[in-house]
>>> print(open('protein_30.cif').read())   # mmCIF, C-alpha atoms
data_protein
loop_
_atom_site.label_atom_id
_atom_site.label_comp_id
_atom_site.auth_asym_id
_atom_site.auth_seq_id
_atom_site.Cartn_x
_atom_site.Cartn_y
_atom_site.Cartn_z
CA MET N 334 -21.97 -103.04 11.50
CA ALA N 335 -25.29 -103.10 9.67
CA TYR N 336 -28.63 -104.84 10.12
CA LYS N 337 -31.16 -105.78 7.48
CA VAL N 338 -34.68 -104.87 8.57
CA VAL N 339 -38.15 -104.68 7.08
CA THR N 340 -40.03 -101.39 7.32
CA GLU N 341 -43.65 -101.05 8.44
CA ASP N 342 -44.72 -101.03 4.79
CA GLU N 343 -42.68 -104.24 4.24
CA ARG N 344 -39.76 -102.75 2.30
CA ASP N 345 -36.24 -104.00 2.90
CA ALA N 346 -33.94 -101.52 4.60
CA ILE N 347 -30.52 -101.40 6.28
CA ILE N 348 -29.74 -99.82 9.63
CA SER N 349 -26.11 -98.86 10.16
CA VAL N 350 -24.14 -96.69 12.55
CA CYS N 351 -20.67 -95.28 12.02
CA ILE N 352 -18.83 -93.93 15.06
CA ASP N 353 -15.72 -91.77 14.89
CA VAL N 354 -13.47 -93.33 17.55
CA THR N 355 -11.84 -89.95 18.25
CA VAL N 356 -15.22 -88.44 19.07
CA GLN N 357 -16.16 -91.48 21.15
CA ASN N 358 -12.97 -91.09 23.23
CA GLU N 359 -13.79 -87.41 23.80
CA ILE N 360 -17.30 -88.31 24.95
CA ILE N 361 -15.91 -90.89 27.39
CA HIS N 362 -13.51 -88.26 28.74
CA ILE N 363 -16.40 -85.80 29.23
CA TYR N 364 -18.59 -88.52 30.82
CA ASN N 365 -15.92 -89.34 33.37
CA ASN N 366 -14.86 -85.78 34.19
CA ILE N 367 -18.17 -83.93 34.48
CA PRO N 368 -19.26 -83.18 38.08
CA GLY N 369 -22.50 -85.17 38.00
CA ALA N 370 -24.23 -88.26 36.70
CA VAL N 371 -24.38 -88.60 32.91
CA PHE N 372 -26.11 -91.47 31.14
CA ARG N 373 -28.04 -92.60 28.08
CA CYS N 374 -30.86 -95.11 28.30
CA ARG N 375 -33.31 -96.99 26.12
CA PHE N 376 -36.94 -95.96 26.14
CA ASP N 377 -38.08 -99.41 27.25
CA GLU N 378 -39.98 -100.62 30.33
CA LYS N 379 -36.86 -100.53 32.52
CA PHE N 380 -35.14 -97.52 30.90
CA SER N 381 -32.12 -99.79 30.38
CA VAL N 382 -28.81 -97.94 30.65
CA ILE N 383 -26.83 -97.83 27.39
CA ALA N 384 -23.89 -95.79 28.66
CA ALA N 385 -23.11 -94.04 31.93
CA ASN N 386 -20.29 -92.45 33.84
CA ASN N 387 -18.96 -93.77 37.14
CA VAL N 388 -20.75 -91.03 39.11
CA LEU N 389 -24.13 -92.51 38.16
CA PHE N 390 -23.17 -95.91 39.56
CA ASP N 391 -21.79 -94.32 42.73
CA PHE N 392 -25.04 -92.35 43.10
CA ILE N 393 -27.42 -95.30 42.64
CA GLY N 394 -25.19 -97.72 44.56
CA TYR N 395 -24.85 -100.35 41.82
CA LYS N 396 -21.76 -101.84 40.25
CA ARG N 397 -21.17 -101.45 36.51
CA LYS N 398 -21.82 -105.19 36.01
#
>>> encode(input="protein_30.cif", output="C-alpha coordinates")
Amino acid sequence: MAYKVVTEDERDAIISVCIDVTVQNEIIHIYNNIPGAVFRCRFDEKFSVIAANNVLFDFIGYKRK
(Lines of atoms letter the chains of each structure in order from A and count residues from 1; the text may use other names and numbers.)
(Lines give C-alpha, C1' and ligand atoms only; values in the text may rest on other atoms or scores of the structure.)
Protein backbone atom coordinates (compact mmCIF):
# COMPACT_ATOMS: atom_id res chain seq x y z
CA MET A 1 0.00 0.00 0.00
CA ALA A 2 1.30 3.47 -0.79
CA TYR A 3 0.14 7.03 -0.17
CA LYS A 4 0.87 10.12 -2.21
CA VAL A 5 1.81 13.04 0.03
CA VAL A 6 3.22 16.53 -0.33
CA THR A 7 6.36 17.41 1.62
CA GLU A 8 6.81 20.57 3.69
CA ASP A 9 8.57 22.19 0.73
CA GLU A 10 5.60 21.20 -1.50
CA ARG A 11 7.26 18.35 -3.43
CA ASP A 12 5.28 15.23 -4.29
CA ALA A 13 6.36 12.11 -2.43
CA ILE A 14 5.16 8.55 -1.79
CA ILE A 15 5.00 6.83 1.58
CA SER A 16 4.99 3.05 1.47
CA VAL A 17 5.56 0.20 3.90
CA CYS A 18 6.43 -3.38 3.05
CA ILE A 19 6.02 -5.99 5.79
CA ASP A 20 7.47 -9.48 5.64
CA VAL A 21 4.56 -11.65 6.83
CA THR A 22 6.98 -14.21 8.30
CA VAL A 23 8.55 -11.54 10.48
CA GLN A 24 5.13 -10.19 11.42
CA ASN A 25 4.04 -13.67 12.59
CA GLU A 26 7.20 -13.96 14.70
CA ILE A 27 6.51 -10.58 16.29
CA ILE A 28 2.95 -11.62 17.13
CA HIS A 29 4.29 -14.82 18.69
CA ILE A 30 6.76 -12.81 20.81
CA TYR A 31 4.04 -10.27 21.77
CA ASN A 32 1.76 -13.02 23.03
CA ASN A 33 4.40 -15.10 24.83
CA ILE A 34 6.48 -12.50 26.64
CA PRO A 35 5.80 -12.26 30.41
CA GLY A 36 4.62 -8.64 30.43
CA ALA A 37 2.73 -5.96 28.56
CA VAL A 38 4.07 -5.10 25.11
CA PHE A 39 2.59 -2.40 22.90
CA ARG A 40 3.23 0.24 20.25
CA CYS A 41 1.39 3.55 20.24
CA ARG A 42 1.07 6.73 18.24
CA PHE A 43 2.61 9.91 19.59
CA ASP A 44 -0.73 11.71 19.57
CA GLU A 45 -2.80 13.33 22.34
CA LYS A 46 -4.20 9.98 23.51
CA PHE A 47 -1.12 7.82 22.76
CA SER A 48 -3.44 5.64 20.65
CA VAL A 49 -2.49 1.96 20.73
CA ILE A 50 -1.33 0.59 17.35
CA ALA A 51 -0.57 -2.96 18.49
CA ALA A 52 -0.55 -4.70 21.85
CA ASN A 53 -0.44 -8.12 23.42
CA ASN A 54 -3.25 -9.59 25.50
CA VAL A 55 -1.35 -8.94 28.75
CA LEU A 56 -1.68 -5.17 28.23
CA PHE A 57 -5.46 -5.42 27.94
CA ASP A 58 -5.64 -7.68 31.00
CA PHE A 59 -3.49 -5.18 32.91
CA ILE A 60 -5.50 -2.06 32.01
CA GLY A 61 -8.85 -3.85 32.23
CA TYR A 62 -10.08 -3.03 28.71
CA LYS A 63 -11.26 -5.31 25.94
CA ARG A 64 -9.42 -5.35 22.62
CA LYS A 65 -12.42 -3.66 20.93
>>> atom_distance(input="protein_30.cif", atom1="atom CA of Gly369 of chain N", atom2="atom CA of Leu389 of chain N")
7.5 Å
>>> resolve_selection(input="protein_30.cif", expression="the PyMOL selection byres ((chain N and resi 349-354) around 7)", output="list in words")
Met334, Ala335, Tyr336, Ile347, Ile348, Thr355, Val356, Gln357 and Asn358 of chain N
>>> residues_around(input="protein_30.cif", residues="Arg373 of chain N", least_positions_apart="5", cutoff="9 Å", atoms="only C-alpha atoms", output="ChimeraX atom specification")
/N:381-385
>>> residues_around(input="protein_30.cif", residues="Ala370 of chain N", least_positions_apart="6", cutoff="12 Å", atoms="only C-alpha atoms", output="PyMOL selection string")
chain N and resi 363-364+384-393
>>> axis_aligned_box(input="protein_30.cif", around="segment 347-360 of chain N", padding_each_side="5 Å", output="AutoDock Vina command-line options")
--center_x -21.2 --center_y -94.4 --center_z 15.6 --size_x 28.7 --size_y 24.0 --size_z 28.7
>>> atom_distance(input="protein_30.cif", atom1="atom CA of Glu378 of chain N", atom2="atom CA of Gly394 of chain N")
20.7 Å
>>> atom_distance(input="protein_30.cif", atom1="atom CA of Phe372 of chain N", atom2="atom CA of Arg397 of chain N")
12.4 Å
>>> build_atoms(input="protein_30.cif", residues="segment 382-396 of chain N", atoms="N, CA, C and O atoms", output="mmCIF file, keeping the file's coordinate frame")
data_model
loop_
_atom_site.group_PDB
_atom_site.id
_atom_site.type_symbol
_atom_site.label_atom_id
_atom_site.label_comp_id
_atom_site.auth_asym_id
_atom_site.auth_seq_id
_atom_site.Cartn_x
_atom_site.Cartn_y
_atom_site.Cartn_z
ATOM 1 N N VAL N 382 -29.947 -98.837 30.846
ATOM 2 C CA VAL N 382 -28.810 -97.940 30.650
ATOM 3 C C VAL N 382 -27.964 -98.433 29.475
ATOM 4 O O VAL N 382 -27.585 -99.600 29.417
ATOM 5 N N ILE N 383 -27.685 -97.540 28.540
ATOM 6 C CA ILE N 383 -26.830 -97.830 27.390
ATOM 7 C C ILE N 383 -25.387 -97.452 27.724
ATOM 8 O O ILE N 383 -24.463 -98.197 27.464
ATOM 9 N N ALA N 384 -25.215 -96.282 28.296
ATOM 10 C CA ALA N 384 -23.890 -95.790 28.660
ATOM 11 C C ALA N 384 -24.039 -94.865 29.862
ATOM 12 O O ALA N 384 -25.048 -94.160 29.982
ATOM 13 N N ALA N 385 -23.050 -94.889 30.742
ATOM 14 C CA ALA N 385 -23.110 -94.040 31.930
ATOM 15 C C ALA N 385 -21.719 -93.805 32.473
ATOM 16 O O ALA N 385 -20.820 -94.609 32.265
ATOM 17 N N ASN N 386 -21.575 -92.694 33.198
ATOM 18 C CA ASN N 386 -20.290 -92.450 33.840
ATOM 19 C C ASN N 386 -20.278 -93.082 35.226
ATOM 20 O O ASN N 386 -21.295 -93.559 35.734
ATOM 21 N N ASN N 387 -19.118 -93.122 35.836
ATOM 22 C CA ASN N 387 -18.960 -93.770 37.140
ATOM 23 C C ASN N 387 -19.773 -93.081 38.228
ATOM 24 O O ASN N 387 -20.208 -93.719 39.177
ATOM 25 N N VAL N 388 -19.986 -91.774 38.097
ATOM 26 C CA VAL N 388 -20.750 -91.030 39.110
ATOM 27 C C VAL N 388 -22.166 -91.574 39.228
ATOM 28 O O VAL N 388 -22.711 -91.674 40.325
ATOM 29 N N LEU N 389 -22.779 -91.959 38.098
ATOM 30 C CA LEU N 389 -24.130 -92.510 38.160
ATOM 31 C C LEU N 389 -24.148 -93.780 39.021
ATOM 32 O O LEU N 389 -25.000 -93.925 39.897
ATOM 33 N N PHE N 390 -23.198 -94.668 38.791
ATOM 34 C CA PHE N 390 -23.170 -95.910 39.560
ATOM 35 C C PHE N 390 -22.891 -95.658 41.028
ATOM 36 O O PHE N 390 -23.471 -96.312 41.898
ATOM 37 N N ASP N 391 -22.028 -94.695 41.336
ATOM 38 C CA ASP N 391 -21.790 -94.320 42.730
ATOM 39 C C ASP N 391 -23.072 -93.785 43.355
ATOM 40 O O ASP N 391 -23.412 -94.096 44.493
ATOM 41 N N PHE N 392 -23.813 -92.979 42.605
ATOM 42 C CA PHE N 392 -25.040 -92.350 43.100
ATOM 43 C C PHE N 392 -26.131 -93.379 43.384
ATOM 44 O O PHE N 392 -26.778 -93.331 44.421
ATOM 45 N N ILE N 393 -26.337 -94.333 42.451
ATOM 46 C CA ILE N 393 -27.420 -95.300 42.640
ATOM 47 C C ILE N 393 -26.989 -96.518 43.458
ATOM 48 O O ILE N 393 -27.812 -97.315 43.860
ATOM 49 N N GLY N 394 -25.677 -96.644 43.701
ATOM 50 C CA GLY N 394 -25.190 -97.720 44.560
ATOM 51 C C GLY N 394 -25.045 -99.074 43.879
ATOM 52 O O GLY N 394 -24.967 -100.087 44.557
ATOM 53 N N TYR N 395 -25.031 -99.101 42.545
ATOM 54 C CA TYR N 395 -24.850 -100.350 41.820
ATOM 55 C C TYR N 395 -23.454 -100.426 41.234
ATOM 56 O O TYR N 395 -22.800 -99.418 41.018
ATOM 57 N N LYS N 396 -23.018 -101.638 40.961
ATOM 58 C CA LYS N 396 -21.760 -101.840 40.250
ATOM 59 C C LYS N 396 -22.032 -101.783 38.759
ATOM 60 O O LYS N 396 -23.150 -101.974 38.302
#
